[in-house]
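Enquirer: One file: my_file.cif (mmCIF, C-alpha atoms and all ligand atoms).
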```
data_my_file
#
loop_
_atom_site.label_atom_id
_atom_site.label_comp_id
_atom_site.auth_asym_id
_atom_site.auth_seq_id
_atom_site.Cartn_x
_atom_site.Cartn_y
_atom_site.Cartn_z
CA MET A 1 -32.74 23.18 10.33
CA SER A 2 -35.27 22.04 7.79
CA GLU A 3 -35.43 18.36 6.88
CA ARG A 4 -33.99 19.10 3.49
CA ARG A 5 -30.96 20.77 5.01
CA VAL A 6 -30.40 17.88 7.42
CA ALA A 7 -30.52 15.49 4.48
CA LEU A 8 -27.93 17.62 2.70
CA PHE A 9 -25.56 17.96 5.64
CA LEU A 10 -25.91 14.47 7.15
CA PRO A 11 -23.53 12.76 4.71
CA LEU A 12 -20.97 15.52 5.30
CA ILE A 13 -21.25 15.20 9.09
CA LEU A 14 -20.97 11.39 8.89
CA PHE A 15 -17.94 11.73 6.61
CA LEU A 16 -16.21 14.08 9.07
CA LEU A 17 -17.03 11.80 12.02
CA ALA A 18 -15.69 8.79 10.11
CA GLY A 19 -12.50 10.77 9.55
CA VAL A 20 -12.14 11.41 13.29
CA SER A 21 -12.63 7.75 14.20
CA GLN A 22 -10.09 6.63 11.60
CA ALA A 23 -7.58 9.41 12.30
CA GLU A 24 -4.87 6.92 13.26
CA TYR A 25 -4.88 5.50 9.72
CA GLY A 26 -4.18 8.94 8.27
CA TYR A 27 -5.38 10.26 4.95
CA ASN A 28 -2.25 9.56 2.98
CA LEU A 29 0.06 6.68 2.19
CA PRO A 30 2.27 5.73 5.14
CA VAL A 31 5.87 6.95 4.75
CA GLY A 32 7.05 3.56 5.99
CA VAL A 33 10.38 2.33 7.32
CA THR A 34 12.33 1.16 4.26
CA PRO A 35 14.19 3.13 1.54
CA VAL A 36 11.70 1.73 -1.01
CA SER A 37 8.64 2.77 1.03
CA HIS A 38 10.06 6.34 1.30
CA GLN A 39 10.56 6.49 -2.45
CA ILE A 40 7.06 5.13 -3.10
CA TYR A 41 5.71 7.91 -0.89
CA ASP A 42 7.80 10.59 -2.64
CA LEU A 43 6.72 9.35 -6.08
CA HIS A 44 3.09 9.29 -4.98
CA MET A 45 3.36 12.92 -3.75
CA LEU A 46 5.14 14.04 -6.94
CA ILE A 47 2.40 12.54 -9.15
CA PHE A 48 -0.24 13.98 -6.84
CA TYR A 49 1.19 17.53 -7.16
CA ILE A 50 1.43 17.18 -10.95
CA CYS A 51 -2.24 16.06 -11.05
CA LEU A 52 -3.17 18.93 -8.74
CA ALA A 53 -1.42 21.48 -10.99
CA ILE A 54 -3.16 20.04 -14.09
CA GLY A 55 -6.53 20.08 -12.27
CA VAL A 56 -6.11 23.69 -11.10
CA GLY A 57 -5.00 24.82 -14.58
CA VAL A 58 -7.81 23.04 -16.44
CA PHE A 59 -10.56 24.13 -14.05
CA ALA A 60 -9.26 27.73 -13.91
CA ALA A 61 -9.39 27.93 -17.73
CA LEU A 62 -12.82 26.29 -17.75
CA PHE A 63 -14.37 28.59 -15.15
CA TYR A 64 -12.76 31.66 -16.73
CA ALA A 65 -14.21 30.70 -20.12
CA ILE A 66 -17.67 30.07 -18.64
CA TYR A 67 -17.62 33.45 -16.92
CA ALA A 68 -15.86 35.71 -19.46
CA PHE A 69 -17.50 34.33 -22.60
CA ARG A 70 -21.06 33.89 -21.40
CA LYS A 71 -24.00 34.19 -23.76
CA SER A 72 -25.52 37.19 -21.95
CA ARG A 73 -22.44 39.19 -22.89
CA GLY A 74 -22.98 38.29 -26.53
CA ALA A 75 -20.02 35.92 -26.84
CA VAL A 76 -19.79 33.92 -30.05
CA ALA A 77 -18.05 30.52 -29.99
CA ALA A 78 -14.72 30.36 -31.81
CA ASN A 79 -14.23 27.63 -34.38
CA TYR A 80 -11.18 25.42 -33.69
CA HIS A 81 -12.25 22.69 -36.08
CA GLU A 82 -9.24 21.02 -37.67
CA SER A 83 -6.82 23.44 -36.15
CA PHE A 84 -3.35 21.99 -36.79
CA TRP A 85 -1.61 23.54 -33.78
CA VAL A 86 -4.38 22.77 -31.30
CA GLU A 87 -4.29 19.10 -32.36
CA ILE A 88 -0.50 18.98 -31.98
CA LEU A 89 -0.50 20.76 -28.61
CA TRP A 90 -3.16 18.73 -26.88
CA THR A 91 -1.43 15.55 -27.97
CA ALA A 92 2.13 16.67 -27.23
CA ILE A 93 1.63 18.23 -23.78
CA PRO A 94 0.00 15.14 -22.16
CA LEU A 95 2.58 12.90 -23.86
CA VAL A 96 5.48 14.92 -22.42
CA LEU A 97 3.83 14.84 -18.96
CA VAL A 98 3.33 11.06 -19.10
CA VAL A 99 6.96 10.51 -20.12
CA LEU A 100 8.13 12.84 -17.32
CA MET A 101 6.10 10.81 -14.80
CA LEU A 102 7.34 7.54 -16.29
CA ILE A 103 11.03 8.29 -15.65
CA PRO A 104 10.95 8.33 -11.80
CA ALA A 105 8.37 5.49 -11.78
CA VAL A 106 10.55 3.15 -13.88
CA ARG A 107 13.62 4.11 -11.83
CA LEU A 108 11.81 3.10 -8.62
CA LEU A 109 10.38 -0.11 -10.12
CA THR A 110 13.89 -1.13 -11.19
CA LYS A 111 15.18 -0.53 -7.67
CA MET A 112 12.28 -2.52 -6.13
CA ASP A 113 13.02 -5.37 -8.52
CA ASP A 114 16.72 -5.58 -7.62
CA THR A 115 16.78 -8.47 -5.14
CA SER A 116 20.51 -9.14 -5.70
CA LYS A 117 23.02 -9.68 -2.85
CA PRO A 118 20.65 -10.37 0.03
CA VAL A 119 22.04 -11.21 3.48
CA MET A 120 19.21 -13.68 4.08
CA ASN A 121 16.20 -15.24 2.36
CA ILE A 122 12.74 -15.91 3.72
CA LYS A 123 10.18 -17.91 1.77
CA ILE A 124 6.62 -16.80 2.44
CA THR A 125 3.87 -19.25 1.52
CA GLY A 126 0.24 -18.16 1.55
CA ALA A 127 -2.30 -20.80 2.56
CA GLN A 128 -6.02 -20.74 3.32
CA TRP A 129 -5.94 -18.93 5.78
CA LYS A 130 -2.52 -18.49 7.31
CA TRP A 131 1.07 -17.65 6.35
CA GLN A 132 4.07 -19.94 6.47
CA TYR A 133 7.54 -18.45 6.94
CA SER A 134 10.66 -20.47 6.03
CA TYR A 135 14.09 -19.03 6.87
CA LEU A 136 16.17 -20.68 4.17
CA GLU A 137 19.61 -20.22 5.78
CA GLU A 138 18.63 -20.70 9.43
CA GLY A 139 16.37 -23.71 8.81
CA ILE A 140 13.51 -22.18 10.77
CA GLN A 141 9.96 -22.79 9.59
CA PHE A 142 6.60 -22.02 11.16
CA PHE A 143 3.01 -21.04 10.50
CA SER A 144 1.60 -17.67 11.54
CA ASN A 145 -2.09 -17.70 12.48
CA LEU A 146 -4.61 -15.05 13.43
CA SER A 147 -4.69 -14.69 17.22
CA THR A 148 -7.81 -12.52 17.62
CA SER A 149 -10.29 -14.51 19.70
CA PRO A 150 -13.52 -15.79 18.06
CA ALA A 151 -15.43 -14.07 20.91
CA GLN A 152 -14.14 -10.67 19.71
CA ILE A 153 -15.05 -11.50 16.11
CA ARG A 154 -18.59 -12.47 17.16
CA GLY A 155 -18.92 -9.26 19.17
CA LEU A 156 -19.14 -11.04 22.54
CA LYS A 157 -15.99 -9.33 23.85
CA PRO A 158 -14.63 -5.81 23.27
CA LYS A 159 -12.21 -5.52 20.36
CA GLY A 160 -8.49 -5.33 21.16
CA LYS A 161 -6.11 -2.64 19.85
CA HIS A 162 -4.90 -4.79 16.95
CA TYR A 163 -8.21 -6.45 16.14
CA LEU A 164 -7.72 -8.84 13.17
CA LEU A 165 -4.14 -7.54 12.79
CA GLU A 166 -2.50 -9.83 15.37
CA VAL A 167 -0.90 -13.27 15.02
CA ASP A 168 0.42 -16.04 17.27
CA LYS A 169 3.91 -16.03 15.69
CA PRO A 170 5.11 -12.96 13.81
CA MET A 171 7.81 -12.99 11.14
CA VAL A 172 10.91 -11.90 13.06
CA VAL A 173 13.62 -10.10 11.05
CA PRO A 174 16.76 -8.08 11.76
CA ILE A 175 16.93 -4.37 10.94
CA HIS A 176 19.62 -2.86 8.67
CA GLN A 177 19.93 -6.02 6.55
CA LYS A 178 18.88 -6.63 2.98
CA ILE A 179 16.37 -9.47 3.20
CA ARG A 180 15.04 -11.17 0.11
CA LEU A 181 11.46 -12.37 0.35
CA LEU A 182 10.26 -15.21 -1.89
CA PHE A 183 6.50 -15.49 -2.29
CA THR A 184 4.42 -18.48 -3.29
CA SER A 185 1.18 -20.22 -2.35
CA SER A 186 0.13 -23.77 -1.54
CA ASP A 187 -3.50 -23.41 -2.67
CA VAL A 188 -5.06 -20.27 -4.21
CA ASN A 189 -3.73 -16.78 -4.96
CA HIS A 190 -2.90 -14.66 -1.91
CA SER A 191 -1.08 -11.36 -1.61
CA TRP A 192 1.37 -10.35 1.12
CA TRP A 193 0.93 -6.65 1.92
CA VAL A 194 2.72 -4.66 4.62
CA PRO A 195 2.34 -0.93 3.83
CA ASP A 196 5.16 0.22 6.15
CA LEU A 197 7.62 -2.02 4.31
CA GLY A 198 6.51 -0.89 0.84
CA VAL A 199 5.77 -4.49 -0.18
CA LYS A 200 2.61 -5.84 -1.78
CA MET A 201 3.35 -9.03 -3.64
CA ASP A 202 1.15 -11.72 -5.16
CA CYS A 203 1.57 -15.29 -3.90
CA ILE A 204 0.72 -17.62 -6.78
CA PRO A 205 0.71 -21.47 -6.63
CA GLY A 206 3.59 -22.90 -8.68
CA TYR A 207 5.25 -19.50 -9.02
CA VAL A 208 7.88 -17.63 -7.02
CA ASN A 209 7.74 -13.84 -6.82
CA GLU A 210 10.45 -11.76 -5.17
CA ALA A 211 10.81 -8.57 -3.18
CA TRP A 212 13.34 -7.19 -0.74
CA ILE A 213 13.27 -5.17 2.47
CA TRP A 214 15.82 -3.19 4.47
CA ILE A 215 14.13 -2.00 7.66
CA GLU A 216 15.38 1.19 9.28
CA LYS A 217 14.06 0.82 12.82
CA PRO A 218 12.78 -1.87 15.18
CA GLY A 219 9.04 -2.22 15.55
CA MET A 220 5.93 -4.25 14.79
CA TYR A 221 4.68 -3.72 11.24
CA ARG A 222 1.26 -5.03 10.34
CA GLY A 223 -0.49 -5.95 7.13
CA GLN A 224 -3.07 -8.19 5.53
CA CYS A 225 -3.71 -10.58 2.67
CA THR A 226 -4.93 -8.45 -0.25
CA GLU A 227 -6.05 -11.09 -2.70
CA LEU A 228 -9.60 -12.33 -2.18
CA CYS A 229 -8.68 -15.92 -1.30
CA GLY A 230 -11.81 -17.46 0.16
CA MET A 231 -14.11 -17.38 3.14
CA GLN A 232 -11.53 -16.31 5.74
CA HIS A 233 -9.54 -13.95 3.53
CA GLY A 234 -9.95 -11.23 6.18
CA TYR A 235 -8.52 -13.52 8.87
CA MET A 236 -4.94 -13.96 7.69
CA PRO A 237 -3.07 -10.88 8.88
CA ILE A 238 0.68 -10.34 8.72
CA VAL A 239 2.88 -9.15 11.58
CA VAL A 240 6.56 -8.38 11.03
CA ASP A 241 8.63 -8.03 14.20
CA ALA A 242 11.80 -6.10 13.28
CA ARG A 243 14.54 -6.38 15.89
CA SER A 244 18.14 -5.27 16.40
CA GLU A 245 20.79 -7.67 15.13
CA ALA A 246 21.54 -8.99 18.66
CA ASP A 247 17.88 -9.54 19.52
CA TYR A 248 17.34 -11.27 16.20
CA GLU A 249 20.27 -13.64 16.83
CA LYS A 250 18.82 -14.45 20.23
CA TRP A 251 15.47 -15.27 18.64
CA VAL A 252 17.17 -17.50 16.00
CA ARG A 253 18.94 -19.48 18.76
CA SER A 254 15.72 -19.88 20.74
CA GLN A 255 13.96 -21.25 17.63
CA GLN A 256 16.78 -23.63 16.68
CA ASN A 257 16.92 -25.09 20.21
CA GLN A 258 13.24 -25.98 20.20
CU CU B 301 -5.16 -14.84 1.33
#
```
Have the structure of the file written as structure tokens, please.
Ligand SMILES: [Cu+2]
Expert:
Amino acid sequence: MSERRVALFLPLILFLLAGVSQAEYGYNLPVGVTPVSHQIYDLHMLIFYICLAIGVGVFAALFYAIYAFRKSRGAVAANYHESFWVEILWTAIPLVLVVLMLIPAVRLLTKMDDTSKPVMNIKITGAQWKWQYSYLEEGIQFFSNLSTSPAQIRGLKPKGKHYLLEVDKPMVVPIHQKIRLLFTSSDVNHSWWVPDLGVKMDCIPGYVNEAWIWIEKPGMYRGQCTELCGMQHGYMPIVVDARSEADYEKWVRSQQNQ
């Protein structure tokens, strides 16, 4: 291969290799484990297919016009200037499409916003650079700190499986229960983001934001702070440990007896 060709193909090869190494993250949104996360995924795919159809239609028309009406064939440009119907159509069609996309989006936003009738409430407070979880009914309160060792961060030890996505005390919750989450901050803006739960909520000092979760299956769900909140913004991960009702009760008792 000539040098020029290598230069052309190198970015492509690197891109493909990067894809292989990050295969576990997937190329799409995670489907998640809550009714809301499923609906977010479905909405995302619906909008994606609409965009794809528009893209295919527009580019097909464009390439057809470039090919069929080329200068070498003696094509003469048509004059659409101040055409009443063209003006109406290219305003009306996008407007109808936007309204059609707005309907399912607003429906989902309304559902996400409905935090009524929760079984339990957890207050989540962002702080530089850790999370505090307060179980309002159970009277449990603790901080959750990054547990990745400094040696791994400095490259002195090999990285673990959940590098920078592991904590000393995860937020433990029961599955199959509507849980209301209340978000705030004790210093600067943070943002609590767990993709599998379909929640990404700002934590603002002096403000309380709300979201709710209803987790379908037990598991460890991981996330990060997504609001640039200072020097160690990348070192305040989130781990949610979803357990069966019985295991959750056991955990509550163990915490209350401490
Ligand atoms: Cu933060």
Enquirer: How would you write, as a PyMOL selection string, the set of residues no farther than 8 Å from ligand CU 301 (chain B) when counting all atoms listed in the file?
Expert: chain A and resi 126-130+188-192+225-230+232-234+236
Enquirer: Excluding Lys123 of chain A and its own-chain neighbours fewer than 4 positions away, which residues fall within 7 Å of it when counting only C-alpha atoms? Please give them as a PDB file with C-alpha atoms, in the frame of the given file.
Expert:
```
ATOM      1  CA  TYR A 133       7.540 -18.450   6.940  1.00  0.00           C
ATOM      2  CA  SER A 134      10.660 -20.470   6.030  1.00  0.00           C
ATOM      3  CA  TYR A 135      14.090 -19.030   6.870  1.00  0.00           C
ATOM      4  CA  LEU A 181      11.460 -12.370   0.350  1.00  0.00           C
ATOM      5  CA  LEU A 182      10.260 -15.210  -1.890  1.00  0.00           C
ATOM      6  CA  PHE A 183       6.500 -15.490  -2.290  1.00  0.00           C
TER       7      PHE A 183
END
```
Enquirer: Just give me the gap between atom CA of Glu216 of chain A and atom CA of Asp42 of chain A in Å, one decimal is fine.
Expert: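 One can read the atom CA of Glu216 of chain A to atom CA of Asp42 of chain A distance as 17.0 Å.
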Enquirer: What is the atom CA of Val240 of chain A-atom CA of Asp168 of chain A distance in Å, reported with one decimal?
Expert: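 One can read the atom CA of Val240 of chain A to atom CA of Asp168 of chain A distance as 11.6 Å.
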Enquirer: Give as a ChimeraX atom specification the set of residues within 7 Å of the point (4.8, -11.1, 11.3), where distances use the file's coordinates and all atoms listed in the file.
Expert: /A:169-172,238-241
Enquirer: Pick from A:Leu197, A:Val119, A:Leu136, A:Met101: nearest to Ser37 of chain A, with only C-alpha atoms counted?
Expert: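 Closest to Ser37 of chain A, using only C-alpha atoms: A:Leu197.
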Enquirer: Suppose you want the space between atom CA of Ala92 of chain A and atom CA of Tyr80 of chain A; what is it in Å?
Expert: 17.2 Å
Enquirer: Taking all atoms of segment 201-219 of chain A that appear in the file, build a box with edges along x, y and z, extend it by 4 Å on every side, and state its centre and edge lengths in Å to one decimal, as lines of an AutoDock Vina configuration file.
Expert:
```
center_x = 8.3
center_y = -10.9
center_z = 3.3
size_x = 23.1
size_y = 32.1
size_z = 32.6
```
Enquirer: Pick the closest to Val33 of chain A from A:Asp113, A:Asp196, A:Asp202, A:Glu210: which is it, counting only C-alpha atoms?
Expert: A:Asp196
Enquirer: Would you list the residues near (12.3, 2.4, -3.2) (no more than 10 Å away, in the coordinates of the file, using all atoms listed in the file) as a list in words?
Expert: Thr34, Pro35, Val36, Ser37, His38, Gln39, Ile40, Tyr41, Asp42, Leu43, Ala105, Arg107, Leu108, Leu109, Thr110, Lys111, Met112, Asp113, Leu197, Gly198, Val199, Trp212 and Ile213 of chain A
Enquirer: In terms of the shortest atom-to-atom distance over only C-alpha atoms, which of A:Val99, A:Leu146, A:Ala75, A:Ile54 is closest to Leu164 of chain A?
Expert: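 Result for the nearest residue to Leu164 of chain A: A:Leu146.
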Enquirer: Atoms are missing here; could segment 27-53 of chain A be completed with N, CA and C atoms and written as a short mmCIF file (atom, residue, chain, number, x, y, z; two decimals), in the coordinates of the input?
Expert:
```cif
data_model
loop_
_atom_site.label_atom_id
_atom_site.label_comp_id
_atom_site.auth_asym_id
_atom_site.auth_seq_id
_atom_site.Cartn_x
_atom_site.Cartn_y
_atom_site.Cartn_z
N TYR A 27 -4.70 10.08 6.23
CA TYR A 27 -5.38 10.26 4.95
C TYR A 27 -4.47 9.97 3.77
N ASN A 28 -3.20 9.72 4.07
CA ASN A 28 -2.25 9.56 2.98
C ASN A 28 -1.57 8.20 3.09
N LEU A 29 -0.74 7.90 2.11
CA LEU A 29 0.06 6.68 2.19
C LEU A 29 0.97 6.78 3.41
N PRO A 30 1.28 5.65 4.06
CA PRO A 30 2.27 5.73 5.14
C PRO A 30 3.66 5.96 4.54
N VAL A 31 4.51 6.70 5.25
CA VAL A 31 5.87 6.95 4.75
C VAL A 31 6.70 5.67 4.86
N GLY A 32 6.39 4.85 5.87
CA GLY A 32 7.05 3.56 5.99
C GLY A 32 8.44 3.61 6.58
N VAL A 33 9.08 2.45 6.63
CA VAL A 33 10.38 2.33 7.32
C VAL A 33 11.45 1.67 6.46
N THR A 34 11.27 1.69 5.14
CA THR A 34 12.33 1.16 4.26
C THR A 34 12.64 2.22 3.19
N PRO A 35 13.86 2.16 2.61
CA PRO A 35 14.19 3.13 1.54
C PRO A 35 13.15 3.09 0.42
N VAL A 36 12.68 1.87 0.07
CA VAL A 36 11.70 1.73 -1.01
C VAL A 36 10.37 2.39 -0.62
N SER A 37 9.92 2.18 0.63
CA SER A 37 8.64 2.77 1.03
C SER A 37 8.71 4.30 1.01
N HIS A 38 9.90 4.88 1.37
CA HIS A 38 10.06 6.34 1.30
C HIS A 38 9.94 6.82 -0.14
N GLN A 39 10.58 6.07 -1.05
CA GLN A 39 10.56 6.49 -2.45
C GLN A 39 9.17 6.33 -3.06
N ILE A 40 8.44 5.30 -2.62
CA ILE A 40 7.06 5.13 -3.10
C ILE A 40 6.24 6.35 -2.66
N TYR A 41 6.44 6.75 -1.41
CA TYR A 41 5.71 7.91 -0.89
C TYR A 41 6.06 9.18 -1.68
N ASP A 42 7.37 9.39 -1.90
CA ASP A 42 7.80 10.59 -2.64
C ASP A 42 7.23 10.61 -4.06
N LEU A 43 7.25 9.44 -4.71
CA LEU A 43 6.72 9.35 -6.08
C LEU A 43 5.22 9.65 -6.08
N HIS A 44 4.52 9.07 -5.11
CA HIS A 44 3.09 9.29 -4.98
C HIS A 44 2.79 10.78 -4.80
N MET A 45 3.58 11.48 -3.97
CA MET A 45 3.36 12.92 -3.75
C MET A 45 3.68 13.72 -5.01
N LEU A 46 4.77 13.34 -5.71
CA LEU A 46 5.14 14.04 -6.94
C LEU A 46 4.01 13.96 -7.97
N ILE A 47 3.49 12.73 -8.17
CA ILE A 47 2.40 12.54 -9.15
C ILE A 47 1.15 13.30 -8.69
N PHE A 48 0.92 13.27 -7.38
CA PHE A 48 -0.24 13.98 -6.84
C PHE A 48 -0.15 15.48 -7.14
N TYR A 49 1.04 16.08 -6.91
CA TYR A 49 1.19 17.53 -7.16
C TYR A 49 1.06 17.85 -8.65
N ILE A 50 1.57 16.96 -9.51
CA ILE A 50 1.43 17.18 -10.95
C ILE A 50 -0.07 17.15 -11.32
N CYS A 51 -0.80 16.16 -10.77
CA CYS A 51 -2.24 16.06 -11.05
C CYS A 51 -2.98 17.29 -10.52
N LEU A 52 -2.53 17.75 -9.34
CA LEU A 52 -3.17 18.93 -8.74
C LEU A 52 -2.97 20.16 -9.64
N ALA A 53 -1.73 20.33 -10.13
CA ALA A 53 -1.42 21.48 -10.99
C ALA A 53 -2.25 21.41 -12.27
#
```
